[in-house]
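Peer 1: Sharing my_file38.tsv (TSV, C-alpha atoms) below.
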```
chain	number	residue	atom	x	y	z
R	17	MET	CA	-63.47	122.09	-50.29
R	18	ILE	CA	-65.30	125.00	-51.95
R	19	ARG	CA	-65.41	123.12	-55.26
R	20	TYR	CA	-66.86	120.12	-53.45
R	21	ILE	CA	-69.60	122.23	-51.85
R	22	ILE	CA	-70.44	123.91	-55.16
R	23	ARG	CA	-70.62	120.55	-56.92
R	24	ARG	CA	-72.88	119.10	-54.23
R	25	THR	CA	-75.09	122.20	-54.24
R	26	LEU	CA	-75.55	122.10	-58.02
R	27	GLY	CA	-76.42	118.43	-57.83
R	28	TRP	CA	-79.04	119.08	-55.19
R	29	LEU	CA	-80.48	122.00	-57.18
R	30	LEU	CA	-81.13	119.58	-60.02
R	31	VAL	CA	-82.81	117.19	-57.60
R	32	ILE	CA	-85.01	120.01	-56.24
R	33	VAL	CA	-86.15	121.01	-59.75
R	34	LEU	CA	-86.96	117.44	-60.75
R	35	ALA	CA	-88.70	116.62	-57.46
R	36	THR	CA	-90.80	119.79	-57.55
R	37	ASN	CA	-91.96	119.24	-61.13
R	38	LEU	CA	-92.76	115.61	-60.40
R	39	ALA	CA	-94.72	116.70	-57.32
R	40	TYR	CA	-96.77	119.13	-59.42
R	41	ILE	CA	-97.59	116.47	-62.02
R	42	LEU	CA	-98.64	113.95	-59.37
R	43	ALA	CA	-100.68	116.54	-57.47
R	44	ALA	CA	-102.42	117.67	-60.66
R	45	LEU	CA	-103.25	114.06	-61.55
R	46	PHE	CA	-104.59	112.93	-58.17
R	47	LEU	CA	-106.03	116.07	-56.54
R	48	ASP	CA	-109.33	117.43	-57.81
R	49	PRO	CA	-109.93	121.11	-56.91
R	50	ARG	CA	-113.52	120.84	-58.15
R	51	SER	CA	-114.44	118.89	-55.01
R	52	ASN	CA	-114.25	122.12	-52.99
R	53	TYR	CA	-117.37	123.36	-54.79
R	54	VAL	CA	-119.42	120.16	-54.61
R	55	GLY	CA	-122.44	120.35	-52.30
R	56	ARG	CA	-122.88	124.12	-52.40
R	57	ARG	CA	-126.35	125.57	-52.20
R	58	PRO	CA	-127.43	126.57	-54.73
R	59	PRO	CA	-125.40	123.95	-56.59
R	60	LEU	CA	-122.84	125.04	-59.18
R	61	SER	CA	-122.73	123.58	-62.65
R	62	ALA	CA	-119.57	122.05	-64.11
R	63	ASP	CA	-119.18	125.07	-66.41
R	64	GLN	CA	-119.42	127.50	-63.49
R	65	ILE	CA	-116.79	125.58	-61.53
R	66	SER	CA	-114.51	125.52	-64.57
R	67	ARG	CA	-114.89	129.28	-65.03
R	68	MET	CA	-113.91	129.79	-61.36
R	69	LEU	CA	-110.90	127.46	-61.49
R	70	GLY	CA	-109.69	128.45	-64.95
R	71	PRO	CA	-108.14	131.82	-63.94
R	72	LEU	CA	-106.39	130.03	-61.05
R	73	ASN	CA	-104.84	127.50	-63.46
R	74	LEU	CA	-106.58	124.72	-61.53
R	75	ASP	CA	-109.24	123.56	-63.99
R	76	PRO	CA	-108.76	119.81	-64.59
R	77	ALA	CA	-110.41	120.27	-68.00
R	78	THR	CA	-107.35	122.20	-69.16
R	79	PRO	CA	-104.63	119.89	-70.54
R	80	LEU	CA	-102.05	118.96	-67.92
R	81	LEU	CA	-99.12	120.11	-70.07
R	82	THR	CA	-100.71	123.57	-70.45
R	83	ARG	CA	-101.30	123.88	-66.70
R	84	TRP	CA	-97.77	122.73	-65.94
R	85	TRP	CA	-96.22	125.26	-68.33
R	86	ARG	CA	-98.25	128.15	-66.88
R	87	TRP	CA	-97.30	127.08	-63.36
R	88	LEU	CA	-93.60	126.79	-64.27
R	89	THR	CA	-93.39	130.11	-66.09
R	90	GLY	CA	-95.17	131.84	-63.21
R	91	ILE	CA	-92.49	130.60	-60.81
R	92	VAL	CA	-89.51	131.27	-63.07
R	93	LEU	CA	-90.61	134.74	-64.21
R	94	HIS	CA	-92.50	136.06	-61.18
R	95	TRP	CA	-91.77	133.65	-58.31
R	96	ASP	CA	-95.53	133.11	-58.14
R	97	TRP	CA	-96.45	129.68	-56.77
R	98	GLY	CA	-100.12	130.16	-57.62
R	99	THR	CA	-103.23	130.23	-55.49
R	100	SER	CA	-105.40	127.72	-53.71
R	101	PRO	CA	-108.85	126.70	-55.05
R	102	LEU	CA	-110.31	129.18	-52.57
R	103	GLY	CA	-108.14	132.05	-53.83
R	104	ASP	CA	-105.45	132.19	-51.10
R	105	PRO	CA	-101.95	133.08	-52.44
R	106	VAL	CA	-99.55	130.20	-51.83
R	107	ASN	CA	-96.56	132.55	-51.45
R	108	ALA	CA	-98.11	134.29	-48.47
R	109	GLN	CA	-99.10	131.03	-46.81
R	110	ILE	CA	-95.67	129.43	-47.18
R	111	SER	CA	-93.71	132.48	-46.02
R	112	TYR	CA	-95.84	132.89	-42.90
R	113	ARG	CA	-96.08	129.23	-41.94
R	114	MET	CA	-92.43	128.51	-42.67
R	115	TRP	CA	-91.34	131.17	-40.18
R	116	THR	CA	-93.89	129.95	-37.64
R	117	SER	CA	-92.62	126.38	-37.85
R	118	ALA	CA	-89.00	127.52	-37.73
R	119	GLN	CA	-89.55	129.34	-34.45
R	120	LEU	CA	-91.06	126.27	-32.84
R	121	LEU	CA	-89.21	123.35	-34.36
R	122	LEU	CA	-85.64	124.57	-34.74
R	123	VAL	CA	-85.41	125.60	-31.08
R	124	ALA	CA	-86.89	122.27	-30.00
R	125	THR	CA	-84.54	120.34	-32.30
R	126	VAL	CA	-81.42	122.14	-31.06
R	127	LEU	CA	-82.39	121.55	-27.43
R	128	SER	CA	-83.24	117.90	-28.11
R	129	VAL	CA	-79.89	117.27	-29.76
R	130	ILE	CA	-77.89	119.05	-27.04
R	131	ILE	CA	-79.72	117.26	-24.22
R	132	GLY	CA	-79.74	113.90	-26.00
R	133	VAL	CA	-76.04	113.93	-26.89
R	134	ALA	CA	-75.04	115.17	-23.43
R	135	VAL	CA	-77.07	112.46	-21.71
R	136	GLY	CA	-75.72	109.88	-24.18
R	137	VAL	CA	-72.14	110.79	-23.35
R	138	TYR	CA	-72.91	110.84	-19.62
R	139	THR	CA	-74.55	107.40	-19.63
R	140	ALA	CA	-71.97	105.80	-21.92
R	141	SER	CA	-69.14	106.94	-19.67
R	142	ARG	CA	-71.02	105.42	-16.69
R	143	GLN	CA	-72.25	102.20	-18.29
R	144	TYR	CA	-74.48	100.07	-16.05
R	145	ARG	CA	-74.17	102.45	-13.12
R	146	ALA	CA	-77.15	104.02	-11.40
R	147	GLY	CA	-77.13	107.17	-13.54
R	148	ASP	CA	-77.04	105.12	-16.72
R	149	ARG	CA	-79.95	102.92	-15.68
R	150	VAL	CA	-82.08	105.85	-14.49
R	151	TRP	CA	-81.60	107.84	-17.69
R	152	GLN	CA	-82.23	104.77	-19.85
R	153	GLY	CA	-85.48	104.14	-18.01
R	154	LEU	CA	-86.60	107.76	-18.43
R	155	SER	CA	-85.70	107.77	-22.11
R	156	ILE	CA	-87.54	104.53	-22.81
R	157	ILE	CA	-90.63	105.91	-21.08
R	158	THR	CA	-90.56	109.23	-22.95
R	159	MET	CA	-90.00	107.47	-26.30
R	160	ASN	CA	-93.24	105.59	-25.77
R	161	ILE	CA	-95.29	108.63	-24.76
R	162	HIS	CA	-97.53	109.83	-27.58
R	163	VAL	CA	-97.06	113.45	-28.62
R	164	VAL	CA	-100.70	114.19	-27.76
R	165	VAL	CA	-100.31	112.86	-24.23
R	166	ALA	CA	-97.06	114.78	-23.72
R	167	SER	CA	-98.59	117.98	-25.09
R	168	LEU	CA	-101.69	117.75	-22.92
R	169	ALA	CA	-99.55	117.08	-19.84
R	170	VAL	CA	-97.44	120.15	-20.61
R	171	VAL	CA	-100.59	122.21	-21.15
R	172	ALA	CA	-101.90	121.09	-17.75
R	173	LEU	CA	-98.57	122.02	-16.15
R	174	GLY	CA	-98.62	125.44	-17.79
R	175	LEU	CA	-102.16	126.13	-16.63
R	176	TRP	CA	-101.21	125.05	-13.10
R	177	VAL	CA	-98.23	127.44	-13.08
R	178	ASN	CA	-100.44	130.29	-14.30
R	179	LYS	CA	-102.99	129.56	-11.59
R	180	ALA	CA	-100.38	129.15	-8.84
R	181	THR	CA	-98.64	132.44	-9.69
R	182	GLY	CA	-101.85	134.35	-10.29
R	183	THR	CA	-100.57	135.69	-13.61
R	184	ARG	CA	-100.18	134.47	-17.18
R	185	VAL	CA	-96.64	133.13	-17.24
R	186	PHE	CA	-97.21	130.82	-20.23
R	187	TYR	CA	-99.56	131.05	-23.19
R	188	VAL	CA	-101.18	127.74	-24.06
R	189	THR	CA	-102.26	128.55	-27.63
R	190	GLY	CA	-101.04	130.69	-30.48
R	191	ALA	CA	-97.62	131.82	-31.67
R	192	ALA	CA	-97.84	135.49	-30.67
R	193	SER	CA	-100.17	138.14	-29.25
R	194	PRO	CA	-101.31	140.60	-31.93
R	195	ASP	CA	-101.45	143.65	-29.65
R	196	VAL	CA	-97.84	143.53	-28.38
R	197	THR	CA	-95.49	146.24	-29.64
R	198	GLY	CA	-91.78	146.91	-29.11
R	199	PHE	CA	-88.78	144.60	-29.53
R	200	LEU	CA	-88.36	143.44	-25.94
R	201	PRO	CA	-92.11	142.99	-25.26
R	202	LYS	CA	-92.42	140.98	-28.49
R	203	LEU	CA	-89.42	138.86	-27.53
R	204	LEU	CA	-90.93	138.16	-24.11
R	205	ASP	CA	-94.30	137.39	-25.67
R	206	LEU	CA	-92.68	134.96	-28.12
R	207	GLY	CA	-90.95	133.19	-25.24
R	208	GLN	CA	-94.20	132.86	-23.33
R	209	HIS	CA	-95.86	131.24	-26.35
R	210	LEU	CA	-92.83	129.12	-27.23
R	211	VAL	CA	-92.01	127.44	-23.92
R	212	LEU	CA	-94.83	124.90	-23.63
R	213	PRO	CA	-94.79	123.45	-27.17
R	214	THR	CA	-90.99	123.38	-27.10
R	215	VAL	CA	-90.99	121.43	-23.84
R	216	SER	CA	-93.49	118.91	-25.22
R	217	LEU	CA	-91.37	118.34	-28.34
R	218	VAL	CA	-88.12	118.04	-26.39
R	219	VAL	CA	-89.62	115.50	-23.97
R	220	ILE	CA	-90.59	113.11	-26.76
R	221	SER	CA	-87.58	113.62	-29.05
R	222	TYR	CA	-84.42	113.86	-26.93
R	223	ALA	CA	-84.52	110.14	-26.03
R	224	GLY	CA	-83.78	108.99	-29.57
R	225	TYR	CA	-80.58	111.04	-29.69
R	226	HIS	CA	-79.64	109.87	-26.18
R	227	LEU	CA	-79.90	106.18	-26.97
R	228	MET	CA	-78.24	106.55	-30.38
R	229	GLN	CA	-75.31	108.53	-28.98
R	230	ARG	CA	-74.88	106.10	-26.09
R	231	THR	CA	-74.77	103.06	-28.38
R	232	LEU	CA	-72.39	104.64	-30.88
R	233	LEU	CA	-70.07	105.93	-28.17
R	234	LEU	CA	-69.89	102.54	-26.45
R	235	ASP	CA	-68.95	100.94	-29.79
R	236	THR	CA	-66.31	103.59	-30.41
R	237	LEU	CA	-64.75	103.15	-26.96
R	238	ALA	CA	-63.80	99.61	-27.98
R	239	GLU	CA	-61.83	100.82	-31.03
R	240	ASP	CA	-58.05	100.43	-31.10
R	241	TYR	CA	-57.26	104.15	-31.37
R	242	VAL	CA	-59.27	104.91	-28.22
R	243	ARG	CA	-57.59	102.11	-26.28
R	244	THR	CA	-54.22	103.35	-27.51
R	245	ALA	CA	-55.04	106.83	-26.24
R	246	ARG	CA	-55.96	105.34	-22.85
R	247	ALA	CA	-52.71	103.35	-22.81
R	248	LYS	CA	-50.75	106.56	-23.36
R	249	GLY	CA	-52.16	107.91	-20.10
R	250	LEU	CA	-55.32	109.75	-21.04
R	251	THR	CA	-58.19	109.46	-18.61
R	252	ARG	CA	-61.46	107.92	-19.79
R	253	GLY	CA	-63.18	111.31	-19.91
R	254	THR	CA	-60.36	112.92	-21.89
R	255	ALA	CA	-60.24	110.02	-24.34
R	256	ILE	CA	-63.98	110.36	-24.89
R	257	ARG	CA	-63.84	114.12	-25.50
R	258	ARG	CA	-60.76	114.15	-27.73
R	259	HIS	CA	-61.21	110.98	-29.74
R	260	ALA	CA	-64.32	108.84	-29.26
R	261	LEU	CA	-66.94	111.61	-29.30
R	262	ARG	CA	-65.74	113.16	-32.57
R	263	THR	CA	-66.24	109.88	-34.40
R	264	SER	CA	-69.38	108.66	-32.68
R	265	ILE	CA	-71.26	111.93	-33.09
R	266	ILE	CA	-71.04	111.86	-36.90
R	267	PRO	CA	-74.04	109.51	-37.43
R	268	VAL	CA	-76.04	111.55	-34.93
R	269	ALA	CA	-75.26	114.79	-36.77
R	270	THR	CA	-76.23	113.20	-40.09
R	271	SER	CA	-79.46	111.87	-38.59
R	272	VAL	CA	-80.35	115.30	-37.24
R	273	ALA	CA	-79.67	116.98	-40.57
R	274	PHE	CA	-81.92	114.64	-42.54
R	275	SER	CA	-84.69	114.76	-39.93
R	276	ILE	CA	-85.24	118.50	-40.38
R	277	PRO	CA	-87.63	118.19	-43.39
R	278	GLY	CA	-89.81	115.70	-41.52
R	279	ILE	CA	-89.75	117.89	-38.42
R	280	PHE	CA	-91.07	120.89	-40.36
R	281	THR	CA	-94.03	119.09	-41.92
R	282	GLY	CA	-94.56	116.35	-39.34
R	283	ALA	CA	-95.38	118.23	-36.13
R	284	VAL	CA	-99.08	118.26	-36.98
R	285	MET	CA	-100.37	117.20	-33.56
R	286	THR	CA	-98.23	119.69	-31.66
R	287	GLU	CA	-99.26	122.53	-33.94
R	288	LYS	CA	-102.91	121.53	-33.60
R	289	ILE	CA	-102.89	121.35	-29.81
R	290	PHE	CA	-101.01	124.61	-29.33
R	291	ALA	CA	-102.73	126.37	-32.28
R	292	TRP	CA	-99.53	127.07	-34.21
R	293	ASN	CA	-100.34	127.55	-37.90
R	294	GLY	CA	-97.15	126.00	-39.22
R	295	MET	CA	-96.11	123.88	-42.17
R	296	GLY	CA	-97.58	120.70	-40.72
R	297	GLN	CA	-101.04	122.20	-40.49
R	298	TYR	CA	-100.68	123.71	-43.96
R	299	PHE	CA	-99.66	120.37	-45.46
R	300	ILE	CA	-102.82	118.71	-44.12
R	301	GLN	CA	-104.87	121.67	-45.32
R	302	THR	CA	-103.54	121.44	-48.88
R	303	ILE	CA	-104.45	117.76	-49.10
R	304	SER	CA	-107.92	118.21	-47.61
R	305	GLN	CA	-108.65	121.12	-49.99
R	306	ASN	CA	-107.18	119.37	-53.05
R	307	ASP	CA	-104.83	122.33	-53.37
R	308	VAL	CA	-102.45	121.41	-56.21
R	309	ASN	CA	-100.32	124.54	-55.94
R	310	GLY	CA	-100.10	124.43	-52.16
R	311	ALA	CA	-99.18	120.75	-52.06
R	312	THR	CA	-96.49	121.34	-54.66
R	313	ALA	CA	-95.08	124.27	-52.70
R	314	VAL	CA	-94.87	122.10	-49.56
R	315	ALA	CA	-93.07	119.41	-51.58
R	316	ALA	CA	-90.65	122.01	-52.94
R	317	PHE	CA	-90.01	123.34	-49.44
R	318	SER	CA	-89.29	119.80	-48.24
R	319	ALA	CA	-86.92	119.24	-51.15
R	320	VAL	CA	-85.04	122.44	-50.33
R	321	THR	CA	-84.72	121.50	-46.66
R	322	VAL	CA	-83.46	118.04	-47.65
R	323	ALA	CA	-80.83	119.64	-49.88
R	324	VAL	CA	-79.73	122.12	-47.23
R	325	SER	CA	-79.64	119.35	-44.65
R	326	ALA	CA	-77.52	117.15	-46.92
R	327	VAL	CA	-74.97	119.91	-47.52
R	328	LEU	CA	-74.85	120.71	-43.79
R	329	ALA	CA	-74.38	117.02	-43.00
R	330	ASP	CA	-71.44	116.89	-45.42
R	331	LEU	CA	-69.87	119.94	-43.77
R	332	VAL	CA	-70.31	118.43	-40.31
R	333	VAL	CA	-68.70	115.16	-41.39
R	334	VAL	CA	-65.77	117.03	-42.94
R	335	ALA	CA	-65.32	119.12	-39.79
R	336	LEU	CA	-65.43	116.12	-37.44
R	337	ASP	CA	-63.56	113.47	-39.43
R	338	PRO	CA	-60.02	114.37	-40.62
R	339	ARG	CA	-59.98	111.30	-42.88
R	340	VAL	CA	-62.76	112.82	-44.98
R	341	ARG	CA	-60.90	116.14	-45.21
R	342	VAL	CA	-57.84	114.35	-46.53
R	343	SER	CA	-59.83	112.39	-49.10
```
What would the structure in this file look like if it were written as structure tokens?
Peer 2:
Amino acid sequence: MIRYIIRRTLGWLLVIVLATNLAYILAALFLDPRSNYVGRRPPLSADQISRMLGPLNLDPATPLLTRWWRWLTGIVLHWDWGTSPLGDPVNAQISYRMWTSAQLLLVATVLSVIIGVAVGVYTASRQYRAGDRVWQGLSIITMNIHVVVASLAVVALGLWVNKATGTRVFYVTGAASPDVTGFLPKLLDLGQHLVLPTVSLVVISYAGYHLMQRTLLLDTLAEDYVRTARAKGLTRGTAIRRHALRTSIIPVATSVAFSIPGIFTGAVMTEKIFAWNGMGQYFIQTISQNDVNGATAVAAFSAVTVAVSAVLADLVVVALDPRVRVS
């Protein structure tokens, strides 16, 4: 088992290195940092722009191979991912925004999976009954609600609660208050900022896990080993918990694992509405500013999350399926 994990990890490390270098080459070819200085008053000459971008290793006039080698040696020797065309260190941006996104998105993902799987099991075990039909209707509705609409509705609800209670129960914008000190006050402040965006993300994302788990579980209930367990005297609920759920939840777990990279960089609308400066916002910023180093760092972060997700998915499959452990 340990040898398998090590082998998979080494393979993914090679993928990360190749993907990151390819991302840098593509970003350097198609993004033009000089565009950030076009239209200034007084206007800057091409030589002036080159002198400003040269120390940042962003001057397109420098040969691509030279820029790539400087960028690579800076990472390998100093873990320096460079700076943006405006002089912002990429390391500081990634470390801050990564933690900001993790606070928001990992909590929302865990809650979405727990709620979605639980509802999926509940509805599958009560197929075509009232509870099944009601939950299916709710899930279909929430799947078709745009994230902007859901977020604005949650904001309105939060503002109504604040007004009704006469105090600020929920914060609508921002990830934290800068003037809060102490562990418990900071924890409470984080919760007040976290509730509304988390609710908006859970509302629009749990339904996919619900419908997937329901479909997979219904298919598994028709398998021979589940019917054999029922024939031996197990109740339907016990057969689901002991046998059907372990098999049917494997595709859901794999889907969750590989959705994490997209979750980190894809929650742009939610971050914008609730003013969370996370990875999604940073990704859009790097593209709009033609930030070669920043875009490459985002690609590298995505590659790392894909690798971690793949290894976690393998571990989950091994833990849930004894046939894989034996093989």
Peer 1: Counting only C-alpha atoms, figure out which residue out of R:Thr302, R:Phe199, R:Leu93, R:Val327 gets nearest to Ile21 in chain R.
Peer 2: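 The answer is R:Val327, which sits nearest to Ile21 in chain R.
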Peer 1: Hey, which of R:Ala329, R:Ala311, R:Val163, R:Val322 ends up closest to Pro277 in chain R? Count all atoms listed in the file.
Peer 2: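 Closest residue, counting all atoms listed in the file: R:Val322.
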Peer 1: Near Val242 in chain R, counting all atoms listed in the file, which residues have an atom at most 12 Å away, once you skip same-chain residues fewer than 5 positions from it, shown as number ranges by chain?
Peer 2: R: 233-237, 247-264
Peer 1: Write out as a VMD selection string the residues lying within 8 Å of Ile32 in chain R, counting only C-alpha atoms and excluding same-chain residues fewer than 6 positions away.
Peer 2: chain R and resid 316 319 to 320 323
Peer 1: Grab the residues selected above and save them as a PDB file, keeping the file's coordinate frame with C-alpha atoms.
Peer 2:
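So the final result, stored in again_28.pdb, reads:
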```
ATOM      1  CA  ALA R 316     -90.650 122.010 -52.940  1.00  0.00           C
ATOM      2  CA  ALA R 319     -86.920 119.240 -51.150  1.00  0.00           C
ATOM      3  CA  VAL R 320     -85.040 122.440 -50.330  1.00  0.00           C
ATOM      4  CA  ALA R 323     -80.830 119.640 -49.880  1.00  0.00           C
TER       5      ALA R 323
END
```
Peer 1: Nearest to Ala315 in chain R: which of R:Thr36, R:Ser66, R:Thr181, R:Thr78 is it, counting all atoms listed in the file?
Peer 2: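 Among the listed residues, R:Thr36 lies closest to Ala315 in chain R.
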Peer 1: Which one of R:Leu120, R:Ile220, R:Ala134, R:Val177 sits closest to Asn160 in chain R if you count only C-alpha atoms?
Peer 2: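 Result for the nearest residue to Asn160 in chain R: R:Ile220.
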Peer 1: Can you tell me how far CA of Ser100 in chain R sits from CA of Ile276 in chain R, in Å to one decimal?
Peer 2: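 One can read the CA of Ser100 in chain R to CA of Ile276 in chain R distance as 25.9 Å.
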Peer 1: Mind giving me the straight-line distance from CA of Ala108 in chain R to CA of Arg50 in chain R in Å, one decimal?
Peer 2: 22.6 Å
Peer 1: Could you check the closest approach to Thr82 in chain R for each of R:Asp307, R:Ala44, R:Asn52, R:Arg113 and tell me which residue wins, using only C-alpha atoms?
Peer 2: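 So, comparing all the options, the nearest one is R:Ala44.
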Peer 1: Expressed in Å to a single decimal, how great is the separation between CA of Arg56 in chain R and CA of Leu69 in chain R?
Peer 2: 15.4 Å
Peer 1: So that I can see what lies close to Ala39 in chain R, please list as JSON, numbers by chain the residues with an atom at most 7 Å from it, counting only C-alpha atoms and leaving out residues fewer than 4 positions away in the same chain.
Peer 2: {"R": [35, 43, 312, 315]}
Peer 1: For a cutoff of 12 Å around the file-coordinate point (-74.1, 108.5, -18.2), which residues qualify once you count only C-alpha atoms? I'd like the result as a PyMOL selection string.
Peer 2: chain R and resi 132-152+226-227+229-231+233-234+253
Peer 1: From the coordinates I just gave you, please extract range 228-290 of chain R so that only C-alpha atoms remain, then output it as a PDB file, in the first residue's frame.
Peer 2:
```
ATOM      1  CA  MET R 228     -25.716  11.276  -8.245  1.00  0.00           C
ATOM      2  CA  GLN R 229     -25.815   9.330  -4.978  1.00  0.00           C
ATOM      3  CA  ARG R 230     -29.494   8.488  -5.437  1.00  0.00           C
ATOM      4  CA  THR R 231     -28.965   7.128  -8.959  1.00  0.00           C
ATOM      5  CA  LEU R 232     -25.887   5.105  -8.038  1.00  0.00           C
ATOM      6  CA  LEU R 233     -27.498   3.673  -4.926  1.00  0.00           C
ATOM      7  CA  LEU R 234     -30.636   2.614  -6.811  1.00  0.00           C
ATOM      8  CA  ASP R 235     -28.448   0.817  -9.362  1.00  0.00           C
ATOM      9  CA  THR R 236     -26.480  -0.887  -6.601  1.00  0.00           C
ATOM     10  CA  LEU R 237     -29.619  -2.076  -4.805  1.00  0.00           C
ATOM     11  CA  ALA R 238     -30.393  -4.230  -7.842  1.00  0.00           C
ATOM     12  CA  GLU R 239     -27.042  -6.059  -7.621  1.00  0.00           C
ATOM     13  CA  ASP R 240     -26.966  -9.740  -6.691  1.00  0.00           C
ATOM     14  CA  TYR R 241     -24.884  -9.322  -3.526  1.00  0.00           C
ATOM     15  CA  VAL R 242     -27.370  -6.809  -2.103  1.00  0.00           C
ATOM     16  CA  ARG R 243     -30.337  -9.048  -2.886  1.00  0.00           C
ATOM     17  CA  THR R 244     -28.476 -11.960  -1.316  1.00  0.00           C
ATOM     18  CA  ALA R 245     -27.945  -9.919   1.838  1.00  0.00           C
ATOM     19  CA  ARG R 246     -31.672  -9.123   1.911  1.00  0.00           C
ATOM     20  CA  ALA R 247     -32.501 -12.808   1.413  1.00  0.00           C
ATOM     21  CA  LYS R 248     -30.359 -13.681   4.440  1.00  0.00           C
ATOM     22  CA  GLY R 249     -32.624 -11.525   6.596  1.00  0.00           C
ATOM     23  CA  LEU R 250     -31.082  -8.082   6.575  1.00  0.00           C
ATOM     24  CA  THR R 251     -33.494  -5.184   6.503  1.00  0.00           C
ATOM     25  CA  ARG R 252     -33.389  -2.758   3.583  1.00  0.00           C
ATOM     26  CA  GLY R 253     -31.732  -0.062   5.692  1.00  0.00           C
ATOM     27  CA  THR R 254     -29.074  -2.432   7.034  1.00  0.00           C
ATOM     28  CA  ALA R 255     -28.327  -3.779   3.559  1.00  0.00           C
ATOM     29  CA  ILE R 256     -27.893  -0.223   2.297  1.00  0.00           C
ATOM     30  CA  ARG R 257     -25.531   0.786   5.117  1.00  0.00           C
ATOM     31  CA  ARG R 258     -23.401  -2.362   5.135  1.00  0.00           C
ATOM     32  CA  HIS R 259     -23.205  -3.213   1.451  1.00  0.00           C
ATOM     33  CA  ALA R 260     -24.830  -0.921  -1.115  1.00  0.00           C
ATOM     34  CA  LEU R 261     -23.597   2.423   0.223  1.00  0.00           C
ATOM     35  CA  ARG R 262     -19.922   1.402   0.351  1.00  0.00           C
ATOM     36  CA  THR R 263     -19.942   0.589  -3.348  1.00  0.00           C
ATOM     37  CA  SER R 264     -22.201   3.356  -4.605  1.00  0.00           C
ATOM     38  CA  ILE R 265     -20.366   6.129  -2.777  1.00  0.00           C
ATOM     39  CA  ILE R 266     -17.054   5.428  -4.559  1.00  0.00           C
ATOM     40  CA  PRO R 267     -17.900   7.432  -7.741  1.00  0.00           C
ATOM     41  CA  VAL R 268     -19.197  10.271  -5.577  1.00  0.00           C
ATOM     42  CA  ALA R 269     -15.976  10.356  -3.557  1.00  0.00           C
ATOM     43  CA  THR R 270     -13.905  10.348  -6.744  1.00  0.00           C
ATOM     44  CA  SER R 271     -16.028  13.133  -8.219  1.00  0.00           C
ATOM     45  CA  VAL R 272     -15.595  15.242  -5.088  1.00  0.00           C
ATOM     46  CA  ALA R 273     -11.829  14.736  -5.067  1.00  0.00           C
ATOM     47  CA  PHE R 274     -11.370  15.856  -8.669  1.00  0.00           C
ATOM     48  CA  SER R 275     -13.738  18.809  -8.279  1.00  0.00           C
ATOM     49  CA  ILE R 276     -11.558  20.483  -5.635  1.00  0.00           C
ATOM     50  CA  PRO R 277      -9.217  22.259  -8.124  1.00  0.00           C
ATOM     51  CA  GLY R 278     -12.171  23.729 -10.004  1.00  0.00           C
ATOM     52  CA  ILE R 279     -13.809  24.752  -6.743  1.00  0.00           C
ATOM     53  CA  PHE R 280     -10.733  26.723  -5.669  1.00  0.00           C
ATOM     54  CA  THR R 281     -10.403  28.735  -8.873  1.00  0.00           C
ATOM     55  CA  GLY R 282     -14.012  28.662 -10.063  1.00  0.00           C
ATOM     56  CA  ALA R 283     -15.941  30.428  -7.296  1.00  0.00           C
ATOM     57  CA  VAL R 284     -15.391  33.810  -8.933  1.00  0.00           C
ATOM     58  CA  MET R 285     -18.952  35.096  -8.620  1.00  0.00           C
ATOM     59  CA  THR R 286     -19.299  34.119  -4.971  1.00  0.00           C
ATOM     60  CA  GLU R 287     -15.981  35.719  -4.089  1.00  0.00           C
ATOM     61  CA  LYS R 288     -16.955  38.870  -5.985  1.00  0.00           C
ATOM     62  CA  ILE R 289     -20.356  39.253  -4.334  1.00  0.00           C
ATOM     63  CA  PHE R 290     -19.091  38.600  -0.813  1.00  0.00           C
TER      64      PHE R 290
END
```
